[in-house]
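Q: I have a structure I would like to understand better, so I am pasting it below and will then ask my questions one at a time.
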Amino acid sequence: MPKVRLVLPSILAGGGDRVREINASILKDIIDYICDLKPEIRDRLISPDGELNRSFNFYVNGVNAYFLKGIETELKDGDEVSVIPALGGGC
Amino acid sequence: MIQYICPNCFGALDVVYRDLDNIDLNPEKIASRGRDLWRYIELLPLQDPRNIVSLGAGFTRLIKSIRLSKKFNLKNLYLKEDITNPTHSFKDRAASVAISKALEFKLNAVGCASTGNLAAATAAHAARAGLPCYIFAPVGVEKEKLSHALSYGARIVLVEGTYDEANWIASRFAEEESIGIVNVNIRPYYVEGSKTLAYEICEQLGWRTPDHIIIPMASGALLNAIDKGLNELKTIGLIDGDVKISGVQPEGCSPIITAYRENRDYIKPIRNINTIAVSLAIGNPGDGVYALRTIRRTRGTAVSVTDREIIEAVNDLARLEGLFIEPGGAVTIAGLKKIVEEGLIDRDEEVVCLLTGSGLKTPHIVHEHALEPLIIKPSIDELKKIIGVEKIA
Ligand SMILES: Cc1ncc(COP(=O)(O)O)c(C=O)c1O
């Protein structure tokens with residue numbers, strides 16, 4: 001499996017490192033990893049029909065994975081996946 | 001670390017005031033205070049008033065329309081001209097409260113992600129507070145808005161991409177540095193500033209609610225803030241009555257409207273954006289789901305308007321009411337026209353349209369869509385040849 005750099009927001013890092021190296025070949029692997037850390041979060045990350053949900057945005061190398069292949073987005077060695085709370089707040 | 005996300009549902013946090021129904025606040029007390037948004041200080045989230053950073057934002061005019069209301073055959077149309085704020089948009093309200101709170105949190109720096117207007121508002125209030133300021137904006141923002149922010153000494157970072165990518169970078173920065181990004185990690189305080197628009201409208205109507213408020217939407221935050229403000233005044237007992245809240249987006253960037261039309265309760269983000277209302281260009285609106293709920297709960301509506309309809313609204317505001325408003329602010333008038341045409345407004349209904357940004361920041365709209373200036377030699381004969389006295393008389 002490819003090794004990717006995962007950057008978590010502090011609310012998900014739970015006092016641990018925000019930046020972690022993990023093995024993942026698609027974005028869904030990352031989601032499973034986060035759900036292992038915080039099982040109650042699954043339905044905030046993906047909808048019942050398996051779509052990326054909207055409490056968090058997932059950026060793969062700076063591109064919102066919603067516009068790639070969603071949870072099926074393929075990852076390769078050295079990719080950076082950054083998870084950011086989906087917040088509004090005007091502009 | 002500032003807490004800005006709910007640790008249970010991971011949604012955005014909002015400020016809640018304890019014991020609102022027992023608060024010692026009445027119209028006379030408010031009327032005796034300064035004419036800016038800090039006149040509502042009990043309803044603003046500051047612990048120590050010495051932290052207030054104010055350039056005088058707020059208490060802008062609520063104008064009863066004469067000629068536009070004739071055009072739409074309405075009896076009670078009001079225009080909330082929120083452009084006489086220090087940097088000429090409603091964002092000064094949000095920036096004043098958020099940056100005051102940044103001082104209270106003893107943050108080292110502030111900043112924002114911006115589609116244009118928030119940039120200058122944040123930069124100006126940061127200058128007043130003596131804090132360094134970092135602005136993240138997509139490359140397409142109007143240059144007038146950038147120079148405005150630059151003039152206050154802000155550092156501007158233009159991100160090659162959309163607003164959503166600029167917002168992502170700003171969010172990462174906020175996670176990694178001791179900085180208050182007004183619409184990210186100090187967002188709960190930002191919206192407290194915006195909600196004062198609702199307070200003012202009610203106060204200016206003599207502590208009454210209008211029947212209907214029409215609001216421009218980008219992220220949807222302003223619309224929700226207005227709703228929050230109205231609900232607070234109700235809880236205190238300063239107003240009663242229900243207000244329909246409607247939202248307007250430009251057709252070239254209308255993910256919230258699409259969700260409303262398709263009867264969805266979630267937003268599908270979009271990436272291909274094309275509108276002259278650049279300040280409303282958010283393809284992935286963070287407060288969109290909440291805005292949808294508010295619109296439905298209050299029995300308002302949601303409409304999108306084309307660039308051509310926006311330009312007509314900009315021109316109508318200027319030529320019929322003497323108000324110079326930018327496209328992002330004028331969408332409410334274009335939206336009103338649609339809502340009237342759809343028969344969703346009674347002639348007697350009291351309607352307030354928010355006008356949230358000044359036309360001075362988007363001068364190219366005028367140059368493209370108004371008469372060219374006439375150029376003549378300094379000769380009265382030449383002038384008369386071109387204009388003809390009989391036309392003026
Ligand atoms: C002029 C103007 N009106 C309205 C808005 C709407 O803001 P919101 O993101 O709160 O929906 C903006 C946002 O930048 C704006 O610039």
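In the structure tokens, chains take the letters A, B, ... in the order shown, each chain's residues start at 1, and ligands count up from 1 in the order shown.
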Could you list, as a ChimeraX atom specification, all protein and nucleic acid residues with an atom at most 6 Å from ligand 1, counting only C-alpha atoms and all ligand atoms?
A: /A:90-91 /B:115,117,216-222,279-280,328-329,356-357
Q: Return as number ranges by chain the full set of residues in region 3-83 of chain A whose backbone-based DSSP assignment is alpha helix (DSSP H).
A: A: 10-13, 27-37, 42-45
Q: Within 9 Å of chain A, which residues belong to chain B? Use only C-alpha atoms and report them as a PyMOL selection string.
A: chain B and resi 1+3+5-12+91+112-119+163-165+167-169+171-172+175+182-184+187-188+190-191+217-222+266-267+269-271+279-280+282+284-288
Q: Would you output that residue set with N, CA and C atoms, as a short mmCIF file (atom, residue, chain, number, x, y, z; two decimals), in the first residue's frame?
A:
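result.cif was written with the following content:
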data_model
loop_
_atom_site.label_atom_id
_atom_site.label_comp_id
_atom_site.auth_asym_id
_atom_site.auth_seq_id
_atom_site.Cartn_x
_atom_site.Cartn_y
_atom_site.Cartn_z
N MET B 1 -5.48 27.12 22.09
CA MET B 1 -6.30 26.66 20.95
C MET B 1 -7.75 27.14 21.12
N GLN B 3 -11.63 26.97 20.56
CA GLN B 3 -12.58 25.96 20.13
C GLN B 3 -13.62 26.60 19.21
N ILE B 5 -15.29 24.38 16.76
CA ILE B 5 -16.07 23.29 16.20
C ILE B 5 -16.67 22.50 17.35
N CYS B 6 -17.87 22.01 17.17
CA CYS B 6 -18.52 21.23 18.21
C CYS B 6 -17.86 19.85 18.31
N PRO B 7 -17.38 19.48 19.50
CA PRO B 7 -16.70 18.19 19.62
C PRO B 7 -17.66 17.00 19.50
N ASN B 8 -18.96 17.25 19.54
CA ASN B 8 -19.91 16.15 19.39
C ASN B 8 -20.37 15.96 17.95
N CYS B 9 -20.83 17.05 17.33
CA CYS B 9 -21.38 16.87 15.98
C CYS B 9 -20.43 17.40 14.91
N PHE B 10 -19.35 18.04 15.32
CA PHE B 10 -18.33 18.58 14.40
C PHE B 10 -18.87 19.69 13.50
N GLY B 11 -20.00 20.26 13.89
CA GLY B 11 -20.51 21.42 13.16
C GLY B 11 -19.91 22.69 13.72
N ALA B 12 -20.22 23.83 13.07
CA ALA B 12 -19.72 25.13 13.53
C ALA B 12 -20.39 25.49 14.85
N LYS B 91 -19.29 43.72 5.81
CA LYS B 91 -18.26 42.92 6.45
C LYS B 91 -17.56 43.65 7.60
N CYS B 112 -8.07 36.46 7.07
CA CYS B 112 -9.34 35.93 6.59
C CYS B 112 -9.13 35.28 5.23
N ALA B 113 -10.10 34.45 4.86
CA ALA B 113 -10.22 34.03 3.47
C ALA B 113 -11.29 34.95 2.90
N SER B 114 -11.08 35.44 1.69
CA SER B 114 -12.00 36.48 1.22
C SER B 114 -12.33 36.36 -0.25
N THR B 115 -13.58 36.69 -0.58
CA THR B 115 -13.94 36.89 -1.99
C THR B 115 -13.84 38.38 -2.33
N GLY B 116 -13.31 39.18 -1.43
CA GLY B 116 -13.07 40.58 -1.75
C GLY B 116 -13.40 41.56 -0.64
N ASN B 117 -14.64 41.56 -0.20
CA ASN B 117 -15.04 42.59 0.76
C ASN B 117 -14.49 42.38 2.16
N LEU B 118 -14.40 41.14 2.56
CA LEU B 118 -13.90 40.89 3.91
C LEU B 118 -12.43 41.30 4.04
N ALA B 119 -11.72 41.28 2.92
CA ALA B 119 -10.29 41.60 2.93
C ALA B 119 -10.05 42.98 3.53
N TYR B 163 -12.29 30.36 -4.44
CA TYR B 163 -12.38 30.76 -3.04
C TYR B 163 -12.20 29.56 -2.12
N ASP B 164 -12.75 28.43 -2.52
CA ASP B 164 -12.71 27.28 -1.62
C ASP B 164 -11.29 26.81 -1.37
N GLU B 165 -10.44 26.96 -2.38
CA GLU B 165 -9.04 26.59 -2.18
C GLU B 165 -8.33 27.62 -1.29
N ASN B 167 -9.80 29.27 1.00
CA ASN B 167 -10.34 29.00 2.33
C ASN B 167 -9.64 27.80 2.97
N TRP B 168 -9.33 26.83 2.14
CA TRP B 168 -8.62 25.65 2.65
C TRP B 168 -7.25 26.02 3.18
N ILE B 169 -6.53 26.83 2.38
CA ILE B 169 -5.20 27.27 2.81
C ILE B 169 -5.30 28.06 4.12
N SER B 171 -7.57 27.81 6.36
CA SER B 171 -7.93 26.91 7.46
C SER B 171 -6.70 26.15 7.96
N ARG B 172 -5.86 25.71 7.02
CA ARG B 172 -4.62 25.02 7.40
C ARG B 172 -3.73 25.96 8.22
N GLU B 175 -4.89 26.35 11.69
CA GLU B 175 -4.61 25.19 12.53
C GLU B 175 -3.15 25.21 13.00
N VAL B 182 -10.72 35.24 10.71
CA VAL B 182 -12.04 35.69 11.19
C VAL B 182 -13.17 34.79 10.71
N ASN B 183 -13.03 34.19 9.52
CA ASN B 183 -14.13 33.32 9.08
C ASN B 183 -13.79 31.83 9.20
N VAL B 184 -12.78 31.52 9.99
CA VAL B 184 -12.48 30.11 10.25
C VAL B 184 -12.51 29.87 11.77
N ARG B 187 -14.74 32.37 13.63
CA ARG B 187 -16.02 32.50 12.95
C ARG B 187 -17.23 32.67 13.88
N PRO B 188 -17.28 32.00 15.04
CA PRO B 188 -18.46 32.20 15.89
C PRO B 188 -18.67 33.67 16.26
N TYR B 190 -17.44 36.33 14.40
CA TYR B 190 -17.68 37.01 13.12
C TYR B 190 -19.18 37.15 12.87
N VAL B 191 -19.91 36.03 12.97
CA VAL B 191 -21.35 36.09 12.65
C VAL B 191 -22.12 36.93 13.67
N MET B 217 -26.53 35.68 -0.78
CA MET B 217 -25.84 34.53 -0.17
C MET B 217 -24.60 34.15 -0.95
N ALA B 218 -23.51 33.93 -0.20
CA ALA B 218 -22.32 33.27 -0.76
C ALA B 218 -22.16 31.98 0.04
N SER B 219 -21.62 32.10 1.27
CA SER B 219 -21.52 30.91 2.13
C SER B 219 -22.84 30.62 2.85
N GLY B 220 -23.71 31.62 2.92
CA GLY B 220 -24.97 31.49 3.65
C GLY B 220 -24.88 31.98 5.09
N ALA B 221 -23.70 32.43 5.49
CA ALA B 221 -23.50 32.84 6.89
C ALA B 221 -24.35 34.06 7.26
N LEU B 222 -24.40 35.04 6.37
CA LEU B 222 -25.15 36.26 6.68
C LEU B 222 -26.63 35.94 6.90
N TYR B 266 -28.95 18.83 1.43
CA TYR B 266 -27.49 18.97 1.43
C TYR B 266 -27.08 19.68 0.14
N ILE B 267 -25.85 20.20 0.17
CA ILE B 267 -25.37 21.01 -0.95
C ILE B 267 -24.39 20.20 -1.78
N PRO B 269 -21.30 20.73 -3.89
CA PRO B 269 -20.35 21.79 -4.24
C PRO B 269 -20.16 21.91 -5.76
N ILE B 270 -19.86 23.10 -6.22
CA ILE B 270 -19.56 23.27 -7.65
C ILE B 270 -18.19 23.94 -7.79
N ARG B 271 -17.60 23.73 -8.96
CA ARG B 271 -16.26 24.26 -9.16
C ARG B 271 -16.20 25.23 -10.34
N SER B 279 -18.04 38.68 -5.49
CA SER B 279 -18.02 38.56 -4.03
C SER B 279 -18.93 37.45 -3.52
N LEU B 280 -19.78 36.92 -4.39
CA LEU B 280 -20.65 35.82 -3.95
C LEU B 280 -20.20 34.47 -4.50
N ILE B 282 -18.81 31.47 -4.08
CA ILE B 282 -18.38 30.36 -3.22
C ILE B 282 -19.06 29.10 -3.72
N ASN B 284 -18.58 26.00 -2.58
CA ASN B 284 -18.76 24.99 -1.54
C ASN B 284 -19.15 25.70 -0.24
N PRO B 285 -20.39 26.21 -0.22
CA PRO B 285 -20.79 27.10 0.88
C PRO B 285 -20.97 26.39 2.21
N GLY B 286 -20.11 26.72 3.15
CA GLY B 286 -20.08 26.02 4.44
C GLY B 286 -21.36 26.13 5.25
N ASP B 287 -22.06 27.26 5.12
CA ASP B 287 -23.29 27.42 5.89
C ASP B 287 -24.53 27.15 5.04
N GLY B 288 -24.30 26.56 3.88
CA GLY B 288 -25.41 26.33 2.94
C GLY B 288 -26.54 25.49 3.51
#
Q: So how far away is CA of Pro48 (chain A) from CA of Ile34 (chain A), in Å?
A: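 One can read the CA of Ile34 (chain A) to CA of Pro48 (chain A) distance as 16.9 Å.
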Q: Write down as a ChimeraX atom specification the residues of region 107-248 of chain B whose backbone DSSP state falls under strand (DSSP E or B).
A: /B:109-113,133-138,155-159,179-181,212-216,244-248
Q: Let me see the file: selected residues, C-alpha atoms, as an mmCIF file, in the first residue's frame.
A:
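In the end it all went to result23.cif:
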data_model
loop_
_atom_site.group_PDB
_atom_site.id
_atom_site.type_symbol
_atom_site.label_atom_id
_atom_site.label_comp_id
_atom_site.auth_asym_id
_atom_site.auth_seq_id
_atom_site.Cartn_x
_atom_site.Cartn_y
_atom_site.Cartn_z
ATOM 1 C CA ALA B 109 -2.229 38.090 14.214
ATOM 2 C CA VAL B 110 -5.488 37.986 12.301
ATOM 3 C CA GLY B 111 -6.571 37.253 8.771
ATOM 4 C CA CYS B 112 -9.340 35.927 6.589
ATOM 5 C CA ALA B 113 -10.223 34.032 3.473
ATOM 6 C CA CYS B 133 -3.110 40.766 8.955
ATOM 7 C CA TYR B 134 -2.976 37.981 6.353
ATOM 8 C CA ILE B 135 -5.538 37.786 3.564
ATOM 9 C CA PHE B 136 -6.133 34.690 1.435
ATOM 10 C CA ALA B 137 -8.094 35.285 -1.750
ATOM 11 C CA PRO B 138 -8.576 33.589 -5.094
ATOM 12 C CA ARG B 155 -0.217 40.847 3.545
ATOM 13 C CA ILE B 156 -2.239 39.441 0.657
ATOM 14 C CA VAL B 157 -1.793 35.897 -0.587
ATOM 15 C CA LEU B 158 -3.525 35.161 -3.884
ATOM 16 C CA VAL B 159 -4.298 31.495 -4.328
ATOM 17 C CA ILE B 179 -3.651 33.460 14.203
ATOM 18 C CA GLY B 180 -7.327 34.347 14.252
ATOM 19 C CA ILE B 181 -8.805 33.773 10.824
ATOM 20 C CA HIS B 212 -39.812 39.662 4.702
ATOM 21 C CA ILE B 213 -36.032 40.135 4.444
ATOM 22 C CA ILE B 214 -34.135 39.364 1.244
ATOM 23 C CA ILE B 215 -30.454 38.526 1.618
ATOM 24 C CA PRO B 216 -27.500 37.898 -0.732
ATOM 25 C CA LYS B 244 -39.844 35.335 6.001
ATOM 26 C CA ILE B 245 -36.175 35.050 5.099
ATOM 27 C CA SER B 246 -35.249 34.652 1.442
ATOM 28 C CA GLY B 247 -31.831 34.158 -0.116
ATOM 29 C CA VAL B 248 -30.475 35.141 -3.523
#
Q: Can you measure CA of Thr235 (chain B) to CA of Gln204 (chain B) for me? One decimal in Å is fine.
A: 18.8 Å
Q: What is the CA of Ile380 (chain B)-CA of Asn315 (chain B) distance in Å, reported with one decimal?
A: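 It comes out at 29.8 Å.
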Q: Check the smallest atom-to-atom distance from each of B:Leu131, B:Leu230, B:Ala302, B:Ile63 to Glu251 (chain B) using only C-alpha atoms, then report the winner.
A: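 For Glu251 (chain B), the nearest of the given residues is B:Ala302.
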Q: Please identify all polymer residues within 10 Å of Gly237 (chain B), counting only C-alpha atoms, omitting same-chain residues fewer than 4 positions from it, and present them as a VMD selection string.
A: chain B and resid 20 to 23 25 to 26 231 to 233
Q: Filtering to N, CA, C and O atoms, could you give me those residues as an mmCIF file, in the first residue's frame?
A:
data_model
loop_
_atom_site.group_PDB
_atom_site.id
_atom_site.type_symbol
_atom_site.label_atom_id
_atom_site.label_comp_id
_atom_site.auth_asym_id
_atom_site.auth_seq_id
_atom_site.Cartn_x
_atom_site.Cartn_y
_atom_site.Cartn_z
ATOM 1 N N LEU B 20 -31.280 35.229 28.231
ATOM 2 C CA LEU B 20 -31.679 36.341 27.366
ATOM 3 C C LEU B 20 -33.015 36.939 27.792
ATOM 4 O O LEU B 20 -33.228 38.146 27.689
ATOM 5 N N ASP B 21 -33.918 36.061 28.267
ATOM 6 C CA ASP B 21 -35.251 36.589 28.610
ATOM 7 C C ASP B 21 -35.243 37.437 29.889
ATOM 8 O O ASP B 21 -36.214 38.118 30.191
ATOM 9 N N ASN B 22 -34.115 37.432 30.602
ATOM 10 C CA ASN B 22 -34.023 38.286 31.799
ATOM 11 C C ASN B 22 -33.102 39.471 31.598
ATOM 12 O O ASN B 22 -32.797 40.193 32.546
ATOM 13 N N ILE B 23 -32.663 39.666 30.385
ATOM 14 C CA ILE B 23 -31.647 40.695 30.151
ATOM 15 C C ILE B 23 -32.257 42.095 30.353
ATOM 16 O O ILE B 23 -33.426 42.327 30.028
ATOM 17 N N LEU B 25 -32.560 45.183 29.029
ATOM 18 C CA LEU B 25 -32.317 45.940 27.801
ATOM 19 C C LEU B 25 -33.662 46.415 27.276
ATOM 20 O O LEU B 25 -34.617 45.643 27.225
ATOM 21 N N ASN B 26 -33.749 47.695 26.942
ATOM 22 C CA ASN B 26 -35.007 48.200 26.391
ATOM 23 C C ASN B 26 -34.708 49.259 25.333
ATOM 24 O O ASN B 26 -33.586 49.750 25.228
ATOM 25 N N ASN B 231 -34.203 35.984 16.216
ATOM 26 C CA ASN B 231 -34.629 35.070 17.285
ATOM 27 C C ASN B 231 -34.218 35.591 18.651
ATOM 28 O O ASN B 231 -34.968 35.461 19.622
ATOM 29 N N GLU B 232 -33.046 36.197 18.737
ATOM 30 C CA GLU B 232 -32.606 36.741 20.027
ATOM 31 C C GLU B 232 -33.523 37.880 20.471
ATOM 32 O O GLU B 232 -33.928 37.943 21.634
ATOM 33 N N LEU B 233 -33.852 38.777 19.531
ATOM 34 C CA LEU B 233 -34.724 39.899 19.905
ATOM 35 C C LEU B 233 -36.079 39.398 20.370
ATOM 36 O O LEU B 233 -36.703 39.956 21.280
#
